[in-house]
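Have a look at run.txt below; it lists compact mmCIF, C-alpha atoms and all ligand atoms.
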# COMPACT_ATOMS: atom_id res chain seq x y z
CA GLY A 1 49.33 -3.71 50.00
CA PRO A 2 51.33 -4.97 52.99
CA GLY A 3 50.80 -8.70 53.62
CA ASP A 4 49.70 -9.34 50.05
CA GLU A 5 51.56 -11.48 47.56
CA VAL A 6 51.74 -11.05 43.80
CA ILE A 7 52.93 -13.94 41.66
CA THR A 8 55.12 -12.92 38.75
CA THR A 9 57.95 -14.07 36.51
CA PRO A 10 61.64 -13.78 37.33
CA LEU A 11 62.54 -13.24 33.66
CA THR A 12 61.46 -9.63 33.24
CA PHE A 13 62.55 -6.02 33.49
CA MET A 14 62.78 -4.80 37.08
CA ALA A 15 59.85 -2.41 36.59
CA THR A 16 57.47 -5.37 36.96
CA VAL A 17 58.86 -6.11 40.41
CA GLU A 18 59.04 -2.44 41.40
CA ALA A 19 55.32 -2.03 40.75
CA ILE A 20 54.54 -4.81 43.22
CA VAL A 21 56.91 -3.55 45.90
CA HIS A 22 55.84 0.10 45.53
CA ALA A 23 52.26 -1.06 46.18
CA GLY A 24 53.50 -2.51 49.49
CA ALA A 25 53.07 -6.12 48.41
CA ARG A 26 55.59 -8.94 48.15
CA PRO A 27 56.69 -10.43 44.80
CA VAL A 28 56.53 -14.24 44.64
CA PHE A 29 58.46 -15.59 41.70
CA ALA A 30 57.23 -18.63 39.77
CA ASP A 31 59.45 -20.26 37.16
CA ILE A 32 59.04 -19.85 33.41
CA ASP A 33 58.09 -22.32 30.71
CA PRO A 34 61.47 -22.74 28.97
CA ALA A 35 59.79 -23.05 25.57
CA THR A 36 58.03 -19.68 25.69
CA TYR A 37 60.02 -17.79 28.38
CA ASN A 38 56.66 -16.82 29.91
CA LEU A 39 55.21 -17.74 33.31
CA ASP A 40 54.47 -21.46 33.57
CA PRO A 41 50.83 -21.76 34.79
CA ASN A 42 51.68 -24.97 36.69
CA ARG A 43 54.38 -23.15 38.64
CA VAL A 44 51.97 -20.31 39.32
CA ALA A 45 49.39 -22.78 40.66
CA ALA A 46 52.02 -24.18 43.02
CA ALA A 47 52.93 -20.67 44.25
CA VAL A 48 49.40 -19.63 45.27
CA THR A 49 48.92 -19.06 49.03
CA PRO A 50 46.08 -17.55 51.10
CA ARG A 51 47.95 -14.23 50.82
CA THR A 52 47.98 -14.19 46.99
CA ARG A 53 46.08 -11.17 45.65
CA ALA A 54 47.20 -10.95 42.04
CA ILE A 55 48.91 -12.81 39.21
CA LEU A 56 51.10 -10.60 37.05
CA PRO A 57 52.23 -12.21 33.78
CA VAL A 58 54.62 -10.43 31.42
CA HIS A 59 54.14 -10.95 27.68
CA LEU A 60 57.88 -11.28 27.28
CA TYR A 61 59.46 -10.37 23.93
CA GLY A 62 55.95 -9.58 22.63
CA ARG A 63 54.72 -13.15 22.96
CA PRO A 64 51.46 -13.47 24.92
CA ALA A 65 51.59 -15.53 28.12
CA ASP A 66 48.99 -18.31 28.49
CA LEU A 67 46.08 -16.01 29.39
CA ASP A 68 43.51 -18.83 29.45
CA ALA A 69 45.36 -20.93 32.02
CA LEU A 70 46.40 -17.90 34.08
CA GLY A 71 42.92 -16.37 33.90
CA GLU A 72 41.37 -19.65 35.09
CA LEU A 73 43.81 -19.78 37.99
CA ALA A 74 42.99 -16.19 38.92
CA ASP A 75 39.24 -16.94 38.85
CA LEU A 76 39.69 -20.15 40.82
CA HIS A 77 41.55 -18.38 43.62
CA HIS A 78 39.54 -15.11 43.44
CA VAL A 79 42.60 -13.00 42.67
CA VAL A 80 43.08 -10.46 39.89
CA LEU A 81 45.08 -10.90 36.71
CA ILE A 82 47.17 -7.85 35.76
CA GLU A 83 49.04 -7.94 32.46
CA ASP A 84 52.47 -6.41 31.93
CA ALA A 85 52.04 -5.73 28.21
CA CYS A 86 55.00 -3.33 28.04
CA GLN A 87 56.67 -5.45 25.33
CA ALA A 88 53.49 -6.51 23.55
CA HIS A 89 51.56 -3.56 22.11
CA GLY A 90 49.07 -5.05 19.63
CA ALA A 91 49.86 -8.73 20.30
CA ARG A 92 46.95 -11.19 20.33
CA TRP A 93 46.23 -14.26 22.45
CA ARG A 94 43.74 -16.48 20.59
CA GLY A 95 42.44 -13.43 18.75
CA ARG A 96 42.20 -11.15 21.76
CA ARG A 97 44.50 -8.16 22.17
CA VAL A 98 46.71 -8.45 25.22
CA GLY A 99 46.29 -5.83 27.91
CA GLY A 100 42.51 -6.22 27.83
CA CYS A 101 42.26 -9.77 29.15
CA GLY A 102 42.68 -9.18 32.89
CA ALA A 103 41.60 -6.59 35.44
CA ALA A 104 44.16 -4.17 34.01
CA GLY A 105 46.93 -4.04 31.44
CA CYS A 106 50.10 -1.95 31.57
CA PHE A 107 51.96 -0.50 28.61
CA SER A 108 55.24 1.40 28.41
CA PHE A 109 55.97 4.01 25.75
CA TYR A 110 59.71 4.07 26.46
CA PRO A 111 61.35 4.92 23.10
CA GLY A 112 62.57 1.35 22.47
CA LYS A 113 59.12 -0.25 22.76
CA ASN A 114 56.98 -1.35 19.79
CA LEU A 115 55.09 1.93 20.31
CA GLY A 116 57.54 4.42 21.78
CA GLY A 117 57.49 8.14 22.42
CA LEU A 118 60.40 10.56 22.27
CA GLY A 119 60.82 10.15 26.00
CA ASP A 120 59.19 8.30 28.85
CA GLY A 121 55.51 7.51 29.08
CA GLY A 122 53.10 4.70 29.75
CA MET A 123 49.47 3.67 29.99
CA VAL A 124 47.18 1.52 32.11
CA VAL A 125 44.08 0.10 30.41
CA THR A 126 41.10 -1.41 32.17
CA ASN A 127 37.41 -2.13 31.73
CA ASP A 128 36.81 -1.60 35.45
CA ALA A 129 35.52 1.91 36.32
CA ASP A 130 36.84 1.75 39.90
CA ILE A 131 40.34 0.80 38.79
CA ALA A 132 40.22 3.55 36.14
CA ARG A 133 39.26 6.15 38.75
CA HIS A 134 41.93 4.95 41.14
CA VAL A 135 44.72 4.91 38.53
CA ARG A 136 43.69 8.36 37.22
CA ALA A 137 43.99 9.70 40.77
CA LEU A 138 47.31 7.92 41.39
CA ARG A 139 48.96 9.39 38.30
CA ASP A 140 47.92 12.93 39.29
CA HIS A 141 49.11 13.12 42.92
CA GLY A 142 45.95 11.52 44.19
CA ARG A 143 43.69 14.33 43.02
CA MET A 144 40.00 13.47 42.95
CA ALA A 145 38.14 13.68 39.65
CA ASN A 146 36.73 17.16 38.95
CA SER A 147 38.53 18.65 41.92
CA LYS A 148 41.71 20.66 41.67
CA TYR A 149 42.35 20.86 45.40
CA GLN A 150 41.00 17.66 46.97
CA HIS A 151 43.31 14.69 47.25
CA ALA A 152 41.64 11.37 48.02
CA LEU A 153 44.97 9.58 48.33
CA LEU A 154 48.71 10.07 47.98
CA GLY A 155 49.77 9.37 44.43
CA PHE A 156 52.56 10.12 41.99
CA GLY A 157 53.48 12.62 39.27
CA GLU A 158 52.98 10.21 36.35
CA ARG A 159 50.81 12.18 33.93
CA LEU A 160 51.56 11.49 30.25
CA ASP A 161 52.77 14.87 28.98
CA ALA A 162 51.05 16.43 25.98
CA LEU A 163 54.15 16.36 23.77
CA GLN A 164 54.56 12.60 24.20
CA ALA A 165 50.82 12.08 23.71
CA ALA A 166 50.99 14.05 20.43
CA VAL A 167 53.89 11.95 19.12
CA LEU A 168 52.23 8.69 20.20
CA ALA A 169 48.94 9.66 18.54
CA VAL A 170 50.79 10.14 15.24
CA LYS A 171 52.61 6.81 15.54
CA LEU A 172 49.67 4.72 16.81
CA PRO A 173 48.03 4.05 13.40
CA TYR A 174 51.29 2.49 12.15
CA VAL A 175 51.80 0.01 15.01
CA ASP A 176 49.99 -2.93 13.43
CA ALA A 177 51.94 -2.56 10.18
CA TRP A 178 55.23 -2.25 12.07
CA ASN A 179 54.34 -5.37 14.06
CA ALA A 180 53.49 -7.23 10.85
CA ARG A 181 56.95 -6.32 9.51
CA ARG A 182 58.49 -7.63 12.75
CA ARG A 183 56.67 -10.95 12.20
CA GLU A 184 57.96 -11.03 8.61
CA ILE A 185 61.52 -10.49 9.87
CA ALA A 186 61.01 -13.24 12.48
CA ALA A 187 59.81 -15.66 9.77
CA ARG A 188 62.88 -14.79 7.70
CA TYR A 189 65.20 -15.41 10.64
CA ARG A 190 63.52 -18.79 11.17
CA THR A 191 64.09 -19.82 7.55
CA LEU A 192 67.65 -18.54 7.41
CA LEU A 193 68.64 -20.11 10.75
CA ASP A 194 66.89 -23.44 10.18
CA GLY A 195 69.22 -26.30 11.14
CA ALA A 196 71.79 -24.06 12.87
CA PRO A 197 72.94 -25.17 16.35
CA LEU A 198 70.61 -22.91 18.32
CA THR A 199 67.06 -22.86 19.69
CA LEU A 200 64.62 -20.64 17.81
CA PRO A 201 61.63 -19.00 19.54
CA ALA A 202 58.60 -21.29 19.97
CA ALA A 203 56.21 -21.34 17.01
CA ASP A 204 53.42 -18.77 16.89
CA GLU A 205 50.54 -21.24 17.56
CA GLU A 206 47.53 -19.72 19.36
CA THR A 207 49.25 -16.34 19.51
CA GLU A 208 50.00 -13.39 17.31
CA PRO A 209 53.25 -12.20 18.86
CA VAL A 210 54.76 -8.81 18.05
CA TYR A 211 58.45 -9.74 18.40
CA HIS A 212 59.58 -6.91 20.63
CA GLN A 213 62.70 -9.09 20.67
CA PHE A 214 63.74 -12.07 18.57
CA VAL A 215 65.50 -14.29 21.11
CA VAL A 216 67.50 -17.43 20.37
CA ARG A 217 69.35 -19.75 22.76
CA VAL A 218 72.95 -20.76 22.17
CA ASP A 219 75.77 -22.48 24.00
CA ARG A 220 78.72 -20.25 24.94
CA ARG A 221 76.42 -17.24 24.64
CA ASP A 222 78.97 -14.60 25.59
CA VAL A 223 81.54 -15.93 23.08
CA VAL A 224 78.90 -15.93 20.33
CA ARG A 225 77.93 -12.36 21.22
CA ALA A 226 81.55 -11.21 21.11
CA GLN A 227 82.02 -12.80 17.68
CA LEU A 228 78.84 -11.18 16.39
CA SER A 229 80.06 -7.85 17.71
CA GLU A 230 83.36 -8.30 15.80
CA ARG A 231 81.29 -8.91 12.66
CA GLY A 232 79.41 -5.66 13.26
CA VAL A 233 76.21 -7.16 14.66
CA ALA A 234 74.95 -5.67 17.93
CA THR A 235 72.97 -7.97 20.24
CA GLY A 236 71.34 -7.72 23.65
CA VAL A 237 70.40 -10.03 26.53
CA HIS A 238 66.93 -9.76 28.04
CA TYR A 239 67.75 -10.51 30.79
CA PRO A 240 71.12 -11.84 32.02
CA ILE A 241 70.16 -11.69 35.73
CA PRO A 242 66.69 -12.98 36.68
CA ALA A 243 64.82 -10.72 39.09
CA HIS A 244 65.02 -13.19 42.00
CA ARG A 245 68.85 -12.96 41.79
CA GLN A 246 69.02 -9.14 41.73
CA PRO A 247 70.75 -7.50 44.70
CA ALA A 248 67.77 -5.12 44.96
CA CYS A 249 65.45 -8.03 45.70
CA GLY A 250 67.10 -8.77 49.07
CA SER A 251 64.42 -10.22 51.34
CA PHE A 252 62.21 -11.67 48.59
CA GLY A 253 65.10 -12.85 46.41
CA LEU A 254 65.84 -16.57 46.12
CA PRO A 255 69.09 -18.55 46.21
CA PRO A 256 70.71 -19.79 42.98
CA GLY A 257 69.03 -22.90 41.59
CA SER A 258 65.58 -21.94 42.93
CA LEU A 259 64.12 -21.21 39.49
CA PRO A 260 66.22 -23.36 37.16
CA ALA A 261 64.35 -22.70 33.91
CA ALA A 262 64.72 -18.93 34.25
CA GLU A 263 68.33 -19.19 35.40
CA ARG A 264 69.31 -21.46 32.53
CA ALA A 265 67.56 -19.20 30.01
CA ALA A 266 69.36 -16.15 31.42
CA ASP A 267 72.69 -17.86 30.63
CA GLU A 268 71.79 -18.88 27.07
CA ILE A 269 69.52 -16.25 25.52
CA VAL A 270 70.61 -13.63 23.04
CA SER A 271 68.40 -11.02 21.38
CA LEU A 272 69.12 -10.52 17.67
CA PRO A 273 68.54 -7.21 15.89
CA MET A 274 64.77 -6.69 15.53
CA TYR A 275 63.02 -3.53 14.41
CA PRO A 276 60.65 -2.85 11.50
CA GLU A 277 63.20 -0.84 9.50
CA LEU A 278 65.57 -3.84 9.13
CA SER A 279 65.90 -4.68 5.44
CA ASP A 280 65.82 -8.25 4.14
CA GLU A 281 69.54 -7.83 3.35
CA ASN A 282 70.19 -6.77 6.97
CA VAL A 283 68.42 -9.89 8.23
CA GLU A 284 70.43 -12.09 5.84
CA ALA A 285 73.67 -10.46 7.00
CA VAL A 286 72.80 -11.08 10.67
CA ALA A 287 71.91 -14.73 9.97
CA ARG A 288 75.17 -15.21 8.04
CA ALA A 289 77.21 -13.64 10.86
CA LEU A 290 75.44 -15.80 13.44
CA ARG A 291 76.04 -19.02 11.49
CA ALA A 292 79.73 -18.08 11.16
CA ALA A 293 79.97 -17.28 14.89
CA LEU A 294 78.37 -20.61 15.80
CA ALA A 295 80.71 -22.53 13.49
CA SER A 296 83.93 -20.97 14.82
C1 LIG A 301 59.74 -1.43 29.55
C2 LIG A 301 59.12 -2.33 30.51
C3 LIG A 301 58.41 -1.85 31.61
C4 LIG A 301 58.22 -0.40 31.94
O1 LIG A 301 59.35 0.37 31.85
P1 LIG A 301 59.26 1.95 32.04
O2 LIG A 301 60.68 2.35 32.09
O3 LIG A 301 58.55 2.18 33.32
O4 LIG A 301 58.52 2.51 30.88
C5 LIG A 301 57.78 -2.77 32.44
N1 LIG A 301 57.85 -4.10 32.19
C6 LIG A 301 58.53 -4.59 31.16
C7 LIG A 301 58.55 -6.07 30.94
C8 LIG A 301 59.20 -3.73 30.28
O5 LIG A 301 59.87 -4.24 29.24

Would you write out, as structure tokens, the structure that this file holds?
Amino acid sequence: GPGDEVITTPLTFMATVEAIVHAGARPVFADIDPATYNLDPNRVAAAVTPRTRAILPVHLYGRPADLDALGELADLHHVVLIEDACQAHGARWRGRRVGGCGAAGCFSFYPGKNLGGLGDGGMVVTNDADIARHVRALRDHGRMANSKYQHALLGFGERLDALQAAVLAVKLPYVDAWNARRREIAARYRTLLDGAPLTLPAADEETEPVYHQFVVRVDRRDVVRAQLSERGVATGVHYPIPAHRQPACGSFGLPPGSLPAAERAADEIVSLPMYPELSDENVEAVARALRAALAS
């Protein structure tokens, strides 16, 4: 609430920041580890103040953030850890599924996610009965459990509708297999792009990532993207403007140069095609096009 601070990453989708601000708190951005694109626990430690109430890591691109280091920091400072697992359905950190490692985990079922509906939806998971009760009330206009007419608080209209739930229930059993295929595609990209003038994603040590995106770093990123586009390969950038540089972040935004690792990444990253239906031939064609674009 008001007066509270939540430490999060600048390299994320704006929804992460919105959640903090809509709760009345203030986002405090800590820089990323340039090797993993996730929150750097040392930077988080330096950002803790007496007003810190939560640490909110994002498992960016489906790669788990360092949940041991961040969890220890949260315990040390008596603040909660809340995971933004919206890009990481099914990913594991040292064997444990993400989303279940902190006080609560948040998932999106936006159609482009690793588990997506046919429209918008999302889920909060928790092992804490009080948080569960509170979130259930919030999603249903603050209604109290077992009472149609009593509202304990003012909430939102964020119920998951039955049509989306039905579609998601059908897709859920396939998620692990789809994620395994994403890892296979990532391994293929690594082999095919070995030695090319670019930076591949960090190795999968300690984690079982789910490659929501396969992100490489290149010089002259926008030129490379344009050349790929000419060769029929669509790419994305997640994200070209770090949250602390967004116009919407006004009073809690930071001047250029404040978070150099995130800012540099934002200028160099490019997301290659990544979805389970990609064929091996597709992946080879993308790698060929990328090598040609880098050589020209
Ligand atoms: C998709 C996403 C969200 C949530 O987006 P919604 O549009 O609310 O479903 C939150 N955080 C991250 C990092 C995301 O990628």

Could you jot down the atom CA of Lys113 of chain A to atom CA of Leu70 of chain A separation for me, Å, one decimal place?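 These atoms are spaced 24.5 Å apart.
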
Using all atoms listed in the file, find all polymer residues with an atom at most 9 Å away from the point (59.8, -7.2, 15.0); report them as a list in words.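 Collected hits near the coordinates: Gly62, Asn114, Trp178, Asn179, Ala180, Arg181, Arg182, Arg183, Glu184, Ile185, Ala186, Val210, Tyr211, His212, Gln213, Phe214, Pro273, Met274, Tyr275, Pro276 and Leu278 of chain A.
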
Within 7 Å of (62.1, -15.2, 47.6) in the file's own coordinates, which protein, DNA or RNA residues have an atom, counting only C-alpha atoms? List them as a PyMOL selection string. chain A and resi 28-29+244+251-254

Pick out the residues sitting within 8 Å of Val125 of chain A, and hand them over as JSON, numbers by chain; count only C-alpha atoms, and ignore anything fewer than 2 positions along from it in its own chain. {"A": [99, 100, 104, 105, 106, 123, 127, 132]}

Include C-alpha atoms and write out the residues we just selected as a compact mmCIF listing (two decimals), keeping the file's coordinate frame.
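As a result, out_15.txt now contains:
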# COMPACT_ATOMS: atom_id res chain seq x y z
CA GLY A 99 46.29 -5.83 27.91
CA GLY A 100 42.51 -6.22 27.83
CA ALA A 104 44.16 -4.17 34.01
CA GLY A 105 46.93 -4.04 31.44
CA CYS A 106 50.10 -1.95 31.57
CA MET A 123 49.47 3.67 29.99
CA ASN A 127 37.41 -2.13 31.73
CA ALA A 132 40.22 3.55 36.14

Please extract the residues at most 12 Å from ligand LIG 301 (chain A), counting all atoms listed in the file, and provide them as an MDAnalysis selection string, using the chain letters and residue numbers of this document. chainID A and resid 8:20 38 56:64 82:89 105:124 158 160 212:213 238:239 243

Show me, as JSON, numbers by chain, the residues that have an atom within 10 Å of Ala285 of chain A when counting all atoms listed in the file, minus same-chain residues fewer than 6 positions from it. {"A": [231, 232, 233, 279, 291]}

Nearest residue to Ala226 of chain A out of A:Leu154, A:Ala162, A:Ala289, A:Leu138, using only C-alpha atoms?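 Ranking A:Leu154, A:Ala162, A:Ala289, A:Leu138 by distance to Ala226 of chain A, first place goes to A:Ala289.
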
Which is closest to Arg221 of chain A among A:Thr52, A:Gln150, A:Gln246, A:Ser271, if we use all atoms listed in the file?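 The answer is A:Ser271, which sits nearest to Arg221 of chain A.
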
Set the distance at 9 Å and use only C-alpha atoms: which residues neighbour Leu73 of chain A once local chain neighbours fewer than 6 positions away are removed? I'd like the list as an mmCIF file with C-alpha atoms, keeping the file's coordinate frame.
data_model
loop_
_atom_site.group_PDB
_atom_site.id
_atom_site.type_symbol
_atom_site.label_atom_id
_atom_site.label_comp_id
_atom_site.auth_asym_id
_atom_site.auth_seq_id
_atom_site.Cartn_x
_atom_site.Cartn_y
_atom_site.Cartn_z
ATOM 1 C CA PRO A 41 50.830 -21.760 34.790
ATOM 2 C CA VAL A 44 51.970 -20.310 39.320
ATOM 3 C CA ALA A 45 49.390 -22.780 40.660
ATOM 4 C CA ILE A 55 48.910 -12.810 39.210
ATOM 5 C CA VAL A 79 42.600 -13.000 42.670
#

Between atom CA of Cys249 of chain A and atom CA of Asp31 of chain A, what distance in Å does the model show, to one decimal?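 For atom CA of Cys249 of chain A relative to atom CA of Asp31 of chain A, the distance reads 16.1 Å.
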
Please list as a PDB file with C-alpha atoms, keeping the file's coordinate frame every residue within 8 Å of Ala261 of chain A, counting only C-alpha atoms and excluding residues in the same chain fewer than 5 positions away.
ATOM      1  CA  ASP A  31      59.450 -20.260  37.160  1.00  0.00           C
ATOM      2  CA  ILE A  32      59.040 -19.850  33.410  1.00  0.00           C
ATOM      3  CA  ASP A  33      58.090 -22.320  30.710  1.00  0.00           C
ATOM      4  CA  PRO A  34      61.470 -22.740  28.970  1.00  0.00           C
TER       5      PRO A  34
END

Tell me which of A:Glu281, A:Asp176, A:Glu268, A:Gly1 sits closest to Arg97 of chain A, counting all atoms listed in the file. A:Asp176

In Å and to one decimal, atom CA of Asp130 of chain A is distant from atom CA of His78 of chain A by 17.4 Å

Shortest interatomic distance to Arg264 of chain A - which of A:Pro242, A:Gly236, A:Gly250, A:Pro50, counting all atoms listed in the file: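 Under the stated criterion, the closest residue is A:Pro242.
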
Could you check the closest approach to Val98 of chain A for each of A:Lys148, A:Phe156, A:Glu5, A:Pro209 and tell me which residue wins, using only C-alpha atoms?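 Using only C-alpha atoms, the shortest distance to Val98 of chain A belongs to A:Pro209.
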
Kindly complete segment 14-34 of chain A to N, CA, C and O atoms; the output should be written as a CSV table (one decimal), in the frame of the given file.
chain,number,residue,atom,x,y,z
A,14,MET,N,63.0,-5.0,35.7
A,14,MET,CA,62.8,-4.8,37.1
A,14,MET,C,61.5,-4.0,37.4
A,14,MET,O,61.0,-4.0,38.5
A,15,ALA,N,61.0,-3.2,36.4
A,15,ALA,CA,59.8,-2.4,36.6
A,15,ALA,C,58.7,-3.3,37.1
A,15,ALA,O,57.8,-2.8,37.8
A,16,THR,N,58.6,-4.5,36.6
A,16,THR,CA,57.5,-5.4,37.0
A,16,THR,C,57.5,-5.6,38.5
A,16,THR,O,56.5,-5.5,39.1
A,17,VAL,N,58.7,-5.8,39.0
A,17,VAL,CA,58.9,-6.1,40.4
A,17,VAL,C,58.7,-4.8,41.2
A,17,VAL,O,58.0,-4.8,42.3
A,18,GLU,N,59.2,-3.7,40.7
A,18,GLU,CA,59.0,-2.4,41.4
A,18,GLU,C,57.6,-2.1,41.6
A,18,GLU,O,57.2,-1.6,42.7
A,19,ALA,N,56.7,-2.4,40.6
A,19,ALA,CA,55.3,-2.0,40.8
A,19,ALA,C,54.7,-2.8,41.9
A,19,ALA,O,53.9,-2.2,42.7
A,20,ILE,N,55.1,-4.0,42.1
A,20,ILE,CA,54.5,-4.8,43.2
A,20,ILE,C,55.0,-4.3,44.6
A,20,ILE,O,54.2,-4.0,45.5
A,21,VAL,N,56.3,-4.0,44.6
A,21,VAL,CA,56.9,-3.6,45.9
A,21,VAL,C,56.4,-2.1,46.3
A,21,VAL,O,56.1,-1.8,47.4
A,22,HIS,N,56.3,-1.3,45.3
A,22,HIS,CA,55.8,0.1,45.5
A,22,HIS,C,54.4,0.1,46.0
A,22,HIS,O,53.9,1.1,46.6
A,23,ALA,N,53.6,-0.9,45.7
A,23,ALA,CA,52.3,-1.1,46.2
A,23,ALA,C,52.2,-1.6,47.6
A,23,ALA,O,51.2,-1.8,48.2
A,24,GLY,N,53.4,-2.0,48.1
A,24,GLY,CA,53.5,-2.5,49.5
A,24,GLY,C,53.4,-4.0,49.6
A,24,GLY,O,53.5,-4.6,50.7
A,25,ALA,N,53.2,-4.7,48.4
A,25,ALA,CA,53.1,-6.1,48.4
A,25,ALA,C,54.4,-6.8,48.2
A,25,ALA,O,55.5,-6.2,48.1
A,26,ARG,N,54.4,-8.1,48.2
A,26,ARG,CA,55.6,-8.9,48.2
A,26,ARG,C,55.6,-9.7,46.9
A,26,ARG,O,54.6,-10.5,46.6
A,27,PRO,N,56.6,-9.6,46.0
A,27,PRO,CA,56.7,-10.4,44.8
A,27,PRO,C,57.0,-11.9,45.1
A,27,PRO,O,57.9,-12.2,46.0
A,28,VAL,N,56.3,-12.8,44.5
A,28,VAL,CA,56.5,-14.2,44.6
A,28,VAL,C,56.8,-14.7,43.2
A,28,VAL,O,56.0,-14.6,42.3
A,29,PHE,N,58.1,-15.2,43.1
A,29,PHE,CA,58.5,-15.6,41.7
A,29,PHE,C,58.1,-17.1,41.4
A,29,PHE,O,58.4,-17.9,42.2
A,30,ALA,N,57.5,-17.3,40.2
A,30,ALA,CA,57.2,-18.6,39.8
A,30,ALA,C,58.1,-18.8,38.5
A,30,ALA,O,58.3,-17.9,37.7
A,31,ASP,N,58.5,-20.0,38.3
A,31,ASP,CA,59.4,-20.3,37.2
A,31,ASP,C,58.7,-20.2,35.8
A,31,ASP,O,57.5,-20.2,35.7
A,32,ILE,N,59.6,-20.0,34.8
A,32,ILE,CA,59.0,-19.8,33.4
A,32,ILE,C,58.9,-21.2,32.7
A,32,ILE,O,59.5,-22.2,33.2
A,33,ASP,N,58.1,-21.2,31.6
A,33,ASP,CA,58.1,-22.3,30.7
A,33,ASP,C,59.3,-22.1,29.8
A,33,ASP,O,59.3,-21.1,29.1
A,34,PRO,N,60.3,-23.0,29.8
A,34,PRO,CA,61.5,-22.7,29.0
A,34,PRO,C,61.2,-22.6,27.5
A,34,PRO,O,62.0,-22.1,26.7
